[in-house]
Amino acid sequence: MNRDHPFIAQCDKALADIRAAGRYRRFVALEKLADRFPYYKVTMEGRTQDILVWSSNDYLAMGTDPEVIEASIEAARTMGAGAGGTRNIAGSSPIHVALEAELAALHGKDAALLFTSGYVSNQATLTAILNSMPGWHVFSDAQNHNSMIVGIKGGKAATVHVFAHNDLADLEARLAAAPADAPKMIAFESVYSMDGDIAPIGAICDLADKYNAITYLDEVHAVGMYGPHGAGVSERDGVAHRLTIIEGTLAKAYGCHGGYIAGDASVIDYIRSVAAGFIFTTALPPPTVAAALASIRRLKVDQARRDTLFERANLLKSKFDQAGLPRLPTESHIVPLMIGNATRATEVSMRLIREFGMYATPINYPTVPAGTERLRFTPGPKHTEAMMDQLVAALRHILSGETGTVAA
Ligand SMILES: *Cc1c(COP(=O)(O)O)cnc(C)c1O
């Protein structure tokens with residue numbers, strides 16, 4: 001290999017800049033302990049210990065649920081480890097079809113389509129929609145996930161309007177200013193995972209009706225958790241039928257892997273027929289599909305688990321408030337703690353592991369704007385009140401030592 005190429009020097013320079021800005025990403029190798037979740041085993045600086053993890057997106061602990069694990073094992077035994085082809089090339093099994101039917105029914109839609117991941121479902125679908133005909137105007141929330149932004153950028157001739165986050169007046173002004181006869185789409189999320197706030201879905205659908213726009217809703221941080229069957233905030237708010245496409249993941253509250261869209265039969269059939277990110281990749285592995293089916297079916301009827309999630313999130317919020325810890329107020333299950341700069345967020349996270357055996361991911365730029373770096377806590381059904389008390393004591397100790405603003 002030619003180490004003299006300018007690209008190699010560029011990599012080293014960029015990495016030095018990232019390090020200098022305190023943004024260098026170090027992955028902590030956490031080994032999930034399936035029978036003791038949310039405990040993980042971690043080896044750091046030559047020492048192995050059990051760590052209590054506070055920031056998994058496996059929000060409902062479904063990834064370690066015995067029913068889900070058994071479904072996965074059984075499917076591996078009977079159908080093998082991998083799908084062995086794209087959906088077109090021998091990769092479509094009856095359980096892929098059953099999972100799509102389950103997802104369509106969950107969201108009250110005609111049809112659903114599975115993808116390799118939630119990321120790919122957003123990227124592939126949005127690009128396919130925006131290349132379907134000329135003249136698209138797309139209205140994209142300013143805090144949309146990278147997968148949506150990249151999908152929208154893939155629309156070769158689309159005009160992109162970024163509206164202020166969850167701001168109906170700004171969205172309407174932009175819709176009104178666009179050509180009346182242009183095809184329009186509004187793309188947004190329900191629960192925004194970094195600030196933990198929730199979109200006014202019904203009011204956005206009102207604007208879509210008024211300006212004849214289709215709607216694309218990412219419910220990745222809501223499916224499994226919101227609504228009486230876990231079909232997301234659109235189900236909770238009774239507006240699922242008003243949305244053109246609902247997108248979700250099987251990798252967060254469902255605890256497995258994969259992404260999907262659900263919607264009108266013609267739309268789903270069209271995406272199935274043209275979206276490159278669907279066509280040219282191997283179908284999801286049968287054990288993953290079987291596990292996801294078990295997880296969705298369980299959560300459809302397990303309101304108690306959802307209730308526990310919100311009860312735990314509210315308890316942690318109130319404990320943070322009592323302790324004077326500067327959390328961002330949220331209406332969702334996500335509890336962000338503001339730190340304010342990257343070096344400090346990373347440092348607080350490292351001290352939580354080293355001194356207290358707990359882990360919460362530092363969220364730094366570019367995931368959130370510089371100056372709003374934070375730790376993100378996602379307490380779930382398996383986090384007890386005693387664990388919360390330990391966490392609050394640890395955070396008070398660390399933050400008081402560093403700033404003197406929070407009493408120890
Ligand atoms: C995580 C995430 C995705 C991607 O889902 P994966 O299944 O993890 O690829 C899409 N949208 C949002 C808002 C996300 O947070």
# chains A, B, ... in the order shown; residues from 1 in each chain; ligands from 1
>>> select_by_dssp(residues="range 101-239 of chain A", states="helix (DSSP H, G or I)", output="NGL selection string")
:A and (101-107 or 118-130 or 146-153 or 168-177 or 201-210 or 233-236)
>>> write_last_selection(atoms="N, CA and C atoms", output="short mmCIF file (atom, residue, chain, number, x, y, z; two decimals), in the first residue's frame")
data_model
loop_
_atom_site.label_atom_id
_atom_site.label_comp_id
_atom_site.auth_asym_id
_atom_site.auth_seq_id
_atom_site.Cartn_x
_atom_site.Cartn_y
_atom_site.Cartn_z
N ALA A 101 -46.67 -8.42 7.10
CA ALA A 101 -48.12 -8.37 7.35
C ALA A 101 -48.39 -7.87 8.77
N GLU A 102 -47.57 -8.33 9.72
CA GLU A 102 -47.73 -7.92 11.11
C GLU A 102 -47.52 -6.41 11.25
N LEU A 103 -46.50 -5.89 10.56
CA LEU A 103 -46.18 -4.46 10.64
C LEU A 103 -47.26 -3.61 9.98
N ALA A 104 -47.78 -4.10 8.85
CA ALA A 104 -48.86 -3.37 8.17
C ALA A 104 -50.08 -3.29 9.10
N ALA A 105 -50.43 -4.43 9.71
CA ALA A 105 -51.59 -4.46 10.61
C ALA A 105 -51.35 -3.57 11.83
N LEU A 106 -50.14 -3.61 12.35
CA LEU A 106 -49.80 -2.80 13.53
C LEU A 106 -50.11 -1.32 13.28
N HIS A 107 -49.75 -0.83 12.10
CA HIS A 107 -49.92 0.59 11.80
C HIS A 107 -51.23 0.89 11.07
N GLY A 118 -33.18 0.57 9.96
CA GLY A 118 -33.98 1.79 9.91
C GLY A 118 -33.27 2.84 9.05
N TYR A 119 -31.97 2.91 9.19
CA TYR A 119 -31.19 3.88 8.40
C TYR A 119 -31.46 3.68 6.92
N VAL A 120 -31.32 2.44 6.48
CA VAL A 120 -31.49 2.15 5.05
C VAL A 120 -32.94 2.37 4.63
N SER A 121 -33.90 2.08 5.50
CA SER A 121 -35.30 2.30 5.11
C SER A 121 -35.55 3.77 4.83
N ASN A 122 -35.03 4.65 5.67
CA ASN A 122 -35.19 6.10 5.43
C ASN A 122 -34.46 6.53 4.17
N GLN A 123 -33.20 6.16 4.09
CA GLN A 123 -32.38 6.61 2.96
C GLN A 123 -32.98 6.13 1.64
N ALA A 124 -33.25 4.82 1.56
CA ALA A 124 -33.70 4.24 0.30
C ALA A 124 -35.09 4.74 -0.10
N THR A 125 -35.98 4.84 0.88
CA THR A 125 -37.36 5.23 0.55
C THR A 125 -37.44 6.70 0.14
N LEU A 126 -36.81 7.58 0.91
CA LEU A 126 -36.91 9.00 0.59
C LEU A 126 -36.27 9.29 -0.77
N THR A 127 -35.13 8.68 -1.03
CA THR A 127 -34.50 8.88 -2.34
C THR A 127 -35.41 8.38 -3.46
N ALA A 128 -36.02 7.22 -3.26
CA ALA A 128 -36.89 6.66 -4.30
C ALA A 128 -38.10 7.57 -4.54
N ILE A 129 -38.70 8.07 -3.48
CA ILE A 129 -39.87 8.96 -3.65
C ILE A 129 -39.47 10.20 -4.45
N LEU A 130 -38.36 10.80 -4.05
CA LEU A 130 -37.99 12.10 -4.66
C LEU A 130 -37.47 11.95 -6.08
N ASN A 146 -29.91 11.84 10.39
CA ASN A 146 -29.00 11.79 9.24
C ASN A 146 -29.51 10.90 8.11
N SER A 147 -30.14 9.78 8.45
CA SER A 147 -30.62 8.86 7.41
C SER A 147 -31.69 9.52 6.54
N MET A 148 -32.49 10.40 7.11
CA MET A 148 -33.50 11.12 6.32
C MET A 148 -32.82 12.19 5.47
N ILE A 149 -31.88 12.89 6.06
CA ILE A 149 -31.17 13.95 5.33
C ILE A 149 -30.45 13.36 4.12
N VAL A 150 -29.78 12.25 4.32
CA VAL A 150 -29.06 11.61 3.22
C VAL A 150 -30.04 11.10 2.16
N GLY A 151 -31.17 10.55 2.60
CA GLY A 151 -32.19 10.10 1.65
C GLY A 151 -32.73 11.25 0.82
N ILE A 152 -32.95 12.38 1.46
CA ILE A 152 -33.48 13.55 0.76
C ILE A 152 -32.45 14.10 -0.22
N LYS A 153 -31.18 14.11 0.20
CA LYS A 153 -30.12 14.58 -0.71
C LYS A 153 -30.02 13.71 -1.96
N LEU A 168 -44.80 24.80 13.47
CA LEU A 168 -45.89 24.74 12.51
C LEU A 168 -46.00 26.02 11.68
N ALA A 169 -45.73 27.17 12.29
CA ALA A 169 -45.85 28.44 11.56
C ALA A 169 -44.79 28.50 10.46
N ASP A 170 -43.57 28.10 10.80
CA ASP A 170 -42.49 28.12 9.80
C ASP A 170 -42.78 27.11 8.69
N LEU A 171 -43.28 25.93 9.07
CA LEU A 171 -43.63 24.93 8.06
C LEU A 171 -44.71 25.47 7.13
N GLU A 172 -45.74 26.07 7.71
CA GLU A 172 -46.84 26.56 6.86
C GLU A 172 -46.36 27.67 5.93
N ALA A 173 -45.51 28.58 6.44
CA ALA A 173 -45.01 29.67 5.59
C ALA A 173 -44.27 29.10 4.39
N ARG A 174 -43.49 28.06 4.62
CA ARG A 174 -42.71 27.46 3.53
C ARG A 174 -43.62 26.70 2.55
N LEU A 175 -44.63 26.02 3.10
CA LEU A 175 -45.58 25.31 2.22
C LEU A 175 -46.32 26.31 1.34
N ALA A 176 -46.73 27.42 1.95
CA ALA A 176 -47.52 28.42 1.22
C ALA A 176 -46.69 29.09 0.13
N ALA A 177 -45.38 29.23 0.38
CA ALA A 177 -44.52 29.92 -0.58
C ALA A 177 -44.12 29.04 -1.76
N ILE A 201 -48.07 15.70 15.46
CA ILE A 201 -48.31 14.95 14.22
C ILE A 201 -49.65 15.35 13.58
N GLY A 202 -50.70 15.44 14.40
CA GLY A 202 -52.02 15.77 13.85
C GLY A 202 -52.01 17.13 13.16
N ALA A 203 -51.37 18.12 13.78
CA ALA A 203 -51.33 19.48 13.21
C ALA A 203 -50.50 19.49 11.92
N ILE A 204 -49.47 18.67 11.87
CA ILE A 204 -48.67 18.59 10.63
C ILE A 204 -49.52 17.93 9.53
N CYS A 205 -50.33 16.94 9.90
CA CYS A 205 -51.25 16.32 8.92
C CYS A 205 -52.28 17.34 8.43
N ASP A 206 -52.74 18.23 9.31
CA ASP A 206 -53.67 19.29 8.88
C ASP A 206 -53.02 20.13 7.78
N LEU A 207 -51.75 20.51 7.99
CA LEU A 207 -51.05 21.32 6.98
C LEU A 207 -50.85 20.52 5.70
N ALA A 208 -50.55 19.23 5.85
CA ALA A 208 -50.38 18.38 4.67
C ALA A 208 -51.67 18.36 3.85
N ASP A 209 -52.81 18.26 4.55
CA ASP A 209 -54.11 18.27 3.85
C ASP A 209 -54.33 19.61 3.15
N LYS A 210 -54.04 20.68 3.87
CA LYS A 210 -54.31 22.02 3.34
C LYS A 210 -53.47 22.30 2.09
N VAL A 233 -46.39 7.09 18.32
CA VAL A 233 -47.13 8.29 18.72
C VAL A 233 -48.32 8.50 17.80
N SER A 234 -48.18 8.12 16.53
CA SER A 234 -49.31 8.29 15.60
C SER A 234 -50.50 7.44 16.04
N GLU A 235 -50.25 6.28 16.64
CA GLU A 235 -51.35 5.49 17.19
C GLU A 235 -51.89 6.15 18.46
N ARG A 236 -50.98 6.57 19.34
CA ARG A 236 -51.41 7.23 20.58
C ARG A 236 -52.31 8.41 20.28
#
>>> residues_around(residues="Met350 in chain A", least_positions_apart="4", cutoff="10 Å", atoms="only C-alpha atoms", output="list in words")
Val28, Arg344, Ala345, Thr346, Arg354, Glu355, Phe356, Gly357, Met358, Tyr359, Ala360, Thr361 and Pro362 of chain A
>>> write_last_selection(atoms="C-alpha atoms", output="short mmCIF file (atom, residue, chain, number, x, y, z; two decimals), in the first residue's frame")
data_model
loop_
_atom_site.label_atom_id
_atom_site.label_comp_id
_atom_site.auth_asym_id
_atom_site.auth_seq_id
_atom_site.Cartn_x
_atom_site.Cartn_y
_atom_site.Cartn_z
CA VAL A 28 -16.46 1.19 25.11
CA ARG A 344 -16.49 17.45 29.92
CA ALA A 345 -19.28 15.17 28.65
CA THR A 346 -16.70 12.52 27.81
CA ARG A 354 -14.27 4.13 36.47
CA GLU A 355 -15.54 5.27 39.85
CA PHE A 356 -19.15 4.08 39.91
CA GLY A 357 -19.51 1.14 37.50
CA MET A 358 -22.20 2.85 35.43
CA TYR A 359 -22.35 3.91 31.82
CA ALA A 360 -24.20 6.64 29.94
CA THR A 361 -23.12 7.62 26.45
CA PRO A 362 -21.75 11.13 26.00
#
>>> residues_near_ligand(ligand="ligand 1", cutoff="8 Å", atoms="only C-alpha atoms and all ligand atoms", output="PyMOL selection string")
chain A and resi 116-122+144-148+189+191-193+218-221+248-252+257-259
>>> select_by_dssp(residues="range 70-175 of chain A", states="strand (DSSP E)", output="compact mmCIF listing (two decimals) with all heavy atoms, in the first residue's frame")
# COMPACT_ATOMS: atom_id res chain seq x y z
N ALA A 111 -49.87 -2.26 3.58
CA ALA A 111 -48.69 -3.09 3.34
C ALA A 111 -47.49 -2.51 4.08
O ALA A 111 -47.50 -1.35 4.51
CB ALA A 111 -48.39 -3.14 1.84
N ALA A 112 -46.45 -3.35 4.21
CA ALA A 112 -45.19 -2.90 4.82
C ALA A 112 -44.04 -3.56 4.08
O ALA A 112 -44.23 -4.54 3.35
CB ALA A 112 -45.15 -3.26 6.31
N LEU A 113 -42.84 -2.98 4.23
CA LEU A 113 -41.66 -3.48 3.53
C LEU A 113 -40.47 -3.44 4.49
O LEU A 113 -40.24 -2.42 5.15
CB LEU A 113 -41.38 -2.56 2.32
CG LEU A 113 -40.36 -3.04 1.30
CD1 LEU A 113 -40.86 -4.28 0.57
CD2 LEU A 113 -40.07 -1.92 0.30
N LEU A 114 -39.75 -4.57 4.56
CA LEU A 114 -38.59 -4.67 5.45
C LEU A 114 -37.33 -4.18 4.77
O LEU A 114 -37.15 -4.36 3.56
CB LEU A 114 -38.36 -6.13 5.84
CG LEU A 114 -39.36 -6.76 6.79
CD1 LEU A 114 -39.12 -8.27 6.88
CD2 LEU A 114 -39.25 -6.13 8.18
N PHE A 115 -36.43 -3.60 5.56
CA PHE A 115 -35.11 -3.17 5.08
C PHE A 115 -34.05 -3.68 6.06
O PHE A 115 -34.36 -4.07 7.17
CB PHE A 115 -35.04 -1.64 5.04
CG PHE A 115 -35.90 -1.00 3.97
CD1 PHE A 115 -37.25 -0.77 4.21
CD2 PHE A 115 -35.38 -0.64 2.75
CE1 PHE A 115 -38.05 -0.17 3.23
CE2 PHE A 115 -36.16 -0.05 1.77
CZ PHE A 115 -37.50 0.19 2.01
N HIS A 137 -41.07 19.16 -4.00
CA HIS A 137 -40.64 20.06 -2.93
C HIS A 137 -40.77 19.27 -1.63
O HIS A 137 -41.85 18.77 -1.32
CB HIS A 137 -41.50 21.32 -2.88
CG HIS A 137 -41.14 22.31 -3.94
ND1 HIS A 137 -40.59 23.54 -3.67
CD2 HIS A 137 -41.21 22.22 -5.29
CE1 HIS A 137 -40.35 24.18 -4.80
NE2 HIS A 137 -40.72 23.41 -5.81
N VAL A 138 -39.65 19.13 -0.91
CA VAL A 138 -39.69 18.36 0.33
C VAL A 138 -39.44 19.30 1.50
O VAL A 138 -38.56 20.16 1.45
CB VAL A 138 -38.72 17.16 0.30
CG1 VAL A 138 -37.32 17.57 -0.07
CG2 VAL A 138 -38.72 16.41 1.63
N PHE A 139 -40.24 19.12 2.55
CA PHE A 139 -40.18 19.96 3.75
C PHE A 139 -39.68 19.07 4.88
O PHE A 139 -40.37 18.14 5.29
CB PHE A 139 -41.56 20.56 4.03
CG PHE A 139 -42.05 21.40 2.88
CD1 PHE A 139 -42.64 20.79 1.78
CD2 PHE A 139 -41.84 22.77 2.85
CE1 PHE A 139 -43.03 21.54 0.67
CE2 PHE A 139 -42.23 23.52 1.76
CZ PHE A 139 -42.82 22.91 0.66
N SER A 140 -38.46 19.36 5.34
CA SER A 140 -37.76 18.46 6.24
C SER A 140 -37.49 19.16 7.57
O SER A 140 -36.93 20.27 7.60
CB SER A 140 -36.43 18.04 5.56
OG SER A 140 -35.63 17.29 6.42
N ASP A 141 -37.89 18.54 8.67
CA ASP A 141 -37.65 19.13 10.00
C ASP A 141 -36.15 19.31 10.22
O ASP A 141 -35.34 18.45 9.88
CB ASP A 141 -38.25 18.24 11.09
CG ASP A 141 -38.19 18.89 12.47
OD1 ASP A 141 -37.10 18.92 13.08
OD2 ASP A 141 -39.23 19.38 12.93
N THR A 159 -36.46 20.10 -4.60
CA THR A 159 -36.16 21.34 -3.88
C THR A 159 -36.39 21.06 -2.40
O THR A 159 -37.47 20.59 -2.01
CB THR A 159 -37.09 22.47 -4.35
OG1 THR A 159 -36.97 22.57 -5.77
CG2 THR A 159 -36.71 23.79 -3.71
N VAL A 160 -35.35 21.35 -1.58
CA VAL A 160 -35.42 21.00 -0.17
C VAL A 160 -35.67 22.25 0.67
O VAL A 160 -34.97 23.25 0.52
CB VAL A 160 -34.10 20.32 0.28
CG1 VAL A 160 -34.20 19.90 1.75
CG2 VAL A 160 -33.78 19.12 -0.61
N HIS A 161 -36.67 22.18 1.54
CA HIS A 161 -36.95 23.27 2.48
C HIS A 161 -36.79 22.69 3.88
O HIS A 161 -37.52 21.76 4.25
CB HIS A 161 -38.39 23.76 2.34
CG HIS A 161 -38.77 24.13 0.93
ND1 HIS A 161 -38.71 25.41 0.45
CD2 HIS A 161 -39.23 23.35 -0.10
CE1 HIS A 161 -39.11 25.42 -0.82
NE2 HIS A 161 -39.43 24.19 -1.18
N VAL A 162 -35.85 23.24 4.66
CA VAL A 162 -35.68 22.78 6.04
C VAL A 162 -36.47 23.71 6.94
O VAL A 162 -36.21 24.91 6.97
CB VAL A 162 -34.18 22.78 6.43
CG1 VAL A 162 -34.02 22.40 7.90
CG2 VAL A 162 -33.41 21.80 5.53
N PHE A 163 -37.48 23.18 7.61
CA PHE A 163 -38.29 24.04 8.50
C PHE A 163 -37.80 23.93 9.94
O PHE A 163 -37.24 22.92 10.35
CB PHE A 163 -39.80 23.77 8.36
CG PHE A 163 -40.27 22.39 8.79
CD1 PHE A 163 -40.73 22.18 10.09
CD2 PHE A 163 -40.29 21.33 7.91
CE1 PHE A 163 -41.20 20.93 10.50
CE2 PHE A 163 -40.76 20.06 8.29
CZ PHE A 163 -41.20 19.87 9.59
>>> atom_distance(atom1="CA of Ala34 in chain A", atom2="CA of Ala386 in chain A")
20.5 Å
>>> atom_distance(atom1="CA of Lys109 in chain A", atom2="CA of Ala199 in chain A")
20.7 Å
>>> closest_residue(among="A:Ala164, A:Leu395, A:Leu325, A:Ala187", to="Ala142 in chain A", atoms="only C-alpha atoms")
A:Ala164
>>> decode(residues="range 289-301 of chain A", atoms="all heavy atoms", output="PDB file, in the first residue's frame")
ATOM      1  N   VAL A 289     -35.676 -12.032  11.990  1.00  0.00           N
ATOM      2  CA  VAL A 289     -37.075 -11.829  11.600  1.00  0.00           C
ATOM      3  C   VAL A 289     -38.007 -12.509  12.606  1.00  0.00           C
ATOM      4  O   VAL A 289     -39.008 -11.918  13.056  1.00  0.00           O
ATOM      5  CB  VAL A 289     -37.315 -12.381  10.172  1.00  0.00           C
ATOM      6  CG1 VAL A 289     -38.786 -12.322   9.810  1.00  0.00           C
ATOM      7  CG2 VAL A 289     -36.480 -11.593   9.162  1.00  0.00           C
ATOM      8  N   ALA A 290     -37.662 -13.736  12.993  1.00  0.00           N
ATOM      9  CA  ALA A 290     -38.496 -14.474  13.953  1.00  0.00           C
ATOM     10  C   ALA A 290     -38.504 -13.774  15.306  1.00  0.00           C
ATOM     11  O   ALA A 290     -39.553 -13.676  15.961  1.00  0.00           O
ATOM     12  CB  ALA A 290     -37.972 -15.906  14.097  1.00  0.00           C
ATOM     13  N   ALA A 291     -37.351 -13.273  15.712  1.00  0.00           N
ATOM     14  CA  ALA A 291     -37.258 -12.568  16.993  1.00  0.00           C
ATOM     15  C   ALA A 291     -38.110 -11.296  16.955  1.00  0.00           C
ATOM     16  O   ALA A 291     -38.837 -10.990  17.907  1.00  0.00           O
ATOM     17  CB  ALA A 291     -35.801 -12.220  17.299  1.00  0.00           C
ATOM     18  N   ALA A 292     -38.036 -10.565  15.846  1.00  0.00           N
ATOM     19  CA  ALA A 292     -38.808  -9.323  15.726  1.00  0.00           C
ATOM     20  C   ALA A 292     -40.308  -9.611  15.766  1.00  0.00           C
ATOM     21  O   ALA A 292     -41.074  -8.887  16.411  1.00  0.00           O
ATOM     22  CB  ALA A 292     -38.436  -8.585  14.444  1.00  0.00           C
ATOM     23  N   LEU A 293     -40.725 -10.677  15.095  1.00  0.00           N
ATOM     24  CA  LEU A 293     -42.143 -11.050  15.117  1.00  0.00           C
ATOM     25  C   LEU A 293     -42.600 -11.335  16.551  1.00  0.00           C
ATOM     26  O   LEU A 293     -43.659 -10.852  16.989  1.00  0.00           O
ATOM     27  CB  LEU A 293     -42.351 -12.317  14.278  1.00  0.00           C
ATOM     28  CG  LEU A 293     -43.014 -12.180  12.918  1.00  0.00           C
ATOM     29  CD1 LEU A 293     -43.076 -13.550  12.249  1.00  0.00           C
ATOM     30  CD2 LEU A 293     -44.408 -11.565  12.999  1.00  0.00           C
ATOM     31  N   ALA A 294     -41.793 -12.091  17.277  1.00  0.00           N
ATOM     32  CA  ALA A 294     -42.146 -12.420  18.665  1.00  0.00           C
ATOM     33  C   ALA A 294     -42.216 -11.148  19.505  1.00  0.00           C
ATOM     34  O   ALA A 294     -43.119 -10.981  20.343  1.00  0.00           O
ATOM     35  CB  ALA A 294     -41.123 -13.395  19.247  1.00  0.00           C
ATOM     36  N   SER A 295     -41.279 -10.243  19.267  1.00  0.00           N
ATOM     37  CA  SER A 295     -41.213  -9.021  20.061  1.00  0.00           C
ATOM     38  C   SER A 295     -42.422  -8.112  19.787  1.00  0.00           C
ATOM     39  O   SER A 295     -43.044  -7.586  20.715  1.00  0.00           O
ATOM     40  CB  SER A 295     -39.906  -8.290  19.727  1.00  0.00           C
ATOM     41  OG  SER A 295     -39.760  -7.137  20.496  1.00  0.00           O
ATOM     42  N   ILE A 296     -42.777  -7.969  18.514  1.00  0.00           N
ATOM     43  CA  ILE A 296     -43.928  -7.125  18.160  1.00  0.00           C
ATOM     44  C   ILE A 296     -45.217  -7.715  18.737  1.00  0.00           C
ATOM     45  O   ILE A 296     -46.042  -7.004  19.319  1.00  0.00           O
ATOM     46  CB  ILE A 296     -44.045  -6.999  16.628  1.00  0.00           C
ATOM     47  CG1 ILE A 296     -42.859  -6.201  16.080  1.00  0.00           C
ATOM     48  CG2 ILE A 296     -45.364  -6.335  16.238  1.00  0.00           C
ATOM     49  CD1 ILE A 296     -42.714  -6.306  14.564  1.00  0.00           C
ATOM     50  N   ARG A 297     -45.368  -9.029  18.600  1.00  0.00           N
ATOM     51  CA  ARG A 297     -46.594  -9.682  19.093  1.00  0.00           C
ATOM     52  C   ARG A 297     -46.712  -9.566  20.613  1.00  0.00           C
ATOM     53  O   ARG A 297     -47.798  -9.355  21.154  1.00  0.00           O
ATOM     54  CB  ARG A 297     -46.619 -11.151  18.647  1.00  0.00           C
ATOM     55  CG  ARG A 297     -46.921 -11.249  17.152  1.00  0.00           C
ATOM     56  CD  ARG A 297     -46.890 -12.662  16.614  1.00  0.00           C
ATOM     57  NE  ARG A 297     -47.263 -12.665  15.195  1.00  0.00           N
ATOM     58  CZ  ARG A 297     -46.953 -13.630  14.336  1.00  0.00           C
ATOM     59  NH1 ARG A 297     -46.267 -14.707  14.738  1.00  0.00           N
ATOM     60  NH2 ARG A 297     -47.325 -13.545  13.081  1.00  0.00           N
ATOM     61  N   ARG A 298     -45.591  -9.672  21.288  1.00  0.00           N
ATOM     62  CA  ARG A 298     -45.609  -9.538  22.749  1.00  0.00           C
ATOM     63  C   ARG A 298     -45.978  -8.095  23.149  1.00  0.00           C
ATOM     64  O   ARG A 298     -46.853  -7.849  23.974  1.00  0.00           O
ATOM     65  CB  ARG A 298     -44.247  -9.961  23.309  1.00  0.00           C
ATOM     66  CG  ARG A 298     -43.837  -9.373  24.573  1.00  0.00           C
ATOM     67  CD  ARG A 298     -44.275 -10.042  25.864  1.00  0.00           C
ATOM     68  NE  ARG A 298     -45.069 -11.252  25.782  1.00  0.00           N
ATOM     69  CZ  ARG A 298     -46.217 -11.428  26.441  1.00  0.00           C
ATOM     70  NH1 ARG A 298     -46.700 -10.464  27.200  1.00  0.00           N
ATOM     71  NH2 ARG A 298     -46.863 -12.550  26.378  1.00  0.00           N
ATOM     72  N   LEU A 299     -45.317  -7.123  22.502  1.00  0.00           N
ATOM     73  CA  LEU A 299     -45.547  -5.723  22.903  1.00  0.00           C
ATOM     74  C   LEU A 299     -46.938  -5.228  22.520  1.00  0.00           C
ATOM     75  O   LEU A 299     -47.462  -4.310  23.140  1.00  0.00           O
ATOM     76  CB  LEU A 299     -44.472  -4.806  22.312  1.00  0.00           C
ATOM     77  CG  LEU A 299     -43.087  -4.927  22.955  1.00  0.00           C
ATOM     78  CD1 LEU A 299     -42.125  -3.920  22.343  1.00  0.00           C
ATOM     79  CD2 LEU A 299     -43.167  -4.719  24.475  1.00  0.00           C
ATOM     80  N   LYS A 300     -47.538  -5.841  21.514  1.00  0.00           N
ATOM     81  CA  LYS A 300     -48.896  -5.454  21.132  1.00  0.00           C
ATOM     82  C   LYS A 300     -49.861  -5.620  22.305  1.00  0.00           C
ATOM     83  O   LYS A 300     -50.818  -4.874  22.442  1.00  0.00           O
ATOM     84  CB  LYS A 300     -49.386  -6.342  19.976  1.00  0.00           C
ATOM     85  CG  LYS A 300     -49.483  -5.591  18.669  1.00  0.00           C
ATOM     86  CD  LYS A 300     -49.675  -6.433  17.442  1.00  0.00           C
ATOM     87  CE  LYS A 300     -50.778  -7.425  17.420  1.00  0.00           C
ATOM     88  NZ  LYS A 300     -50.885  -8.111  16.104  1.00  0.00           N
ATOM     89  N   VAL A 301     -49.588  -6.628  23.146  1.00  0.00           N
ATOM     90  CA  VAL A 301     -50.516  -6.937  24.235  1.00  0.00           C
ATOM     91  C   VAL A 301     -49.912  -6.668  25.621  1.00  0.00           C
ATOM     92  O   VAL A 301     -50.509  -7.024  26.628  1.00  0.00           O
ATOM     93  CB  VAL A 301     -50.985  -8.409  24.155  1.00  0.00           C
ATOM     94  CG1 VAL A 301     -51.768  -8.632  22.861  1.00  0.00           C
ATOM     95  CG2 VAL A 301     -49.795  -9.374  24.234  1.00  0.00           C
TER      96      VAL A 301
END
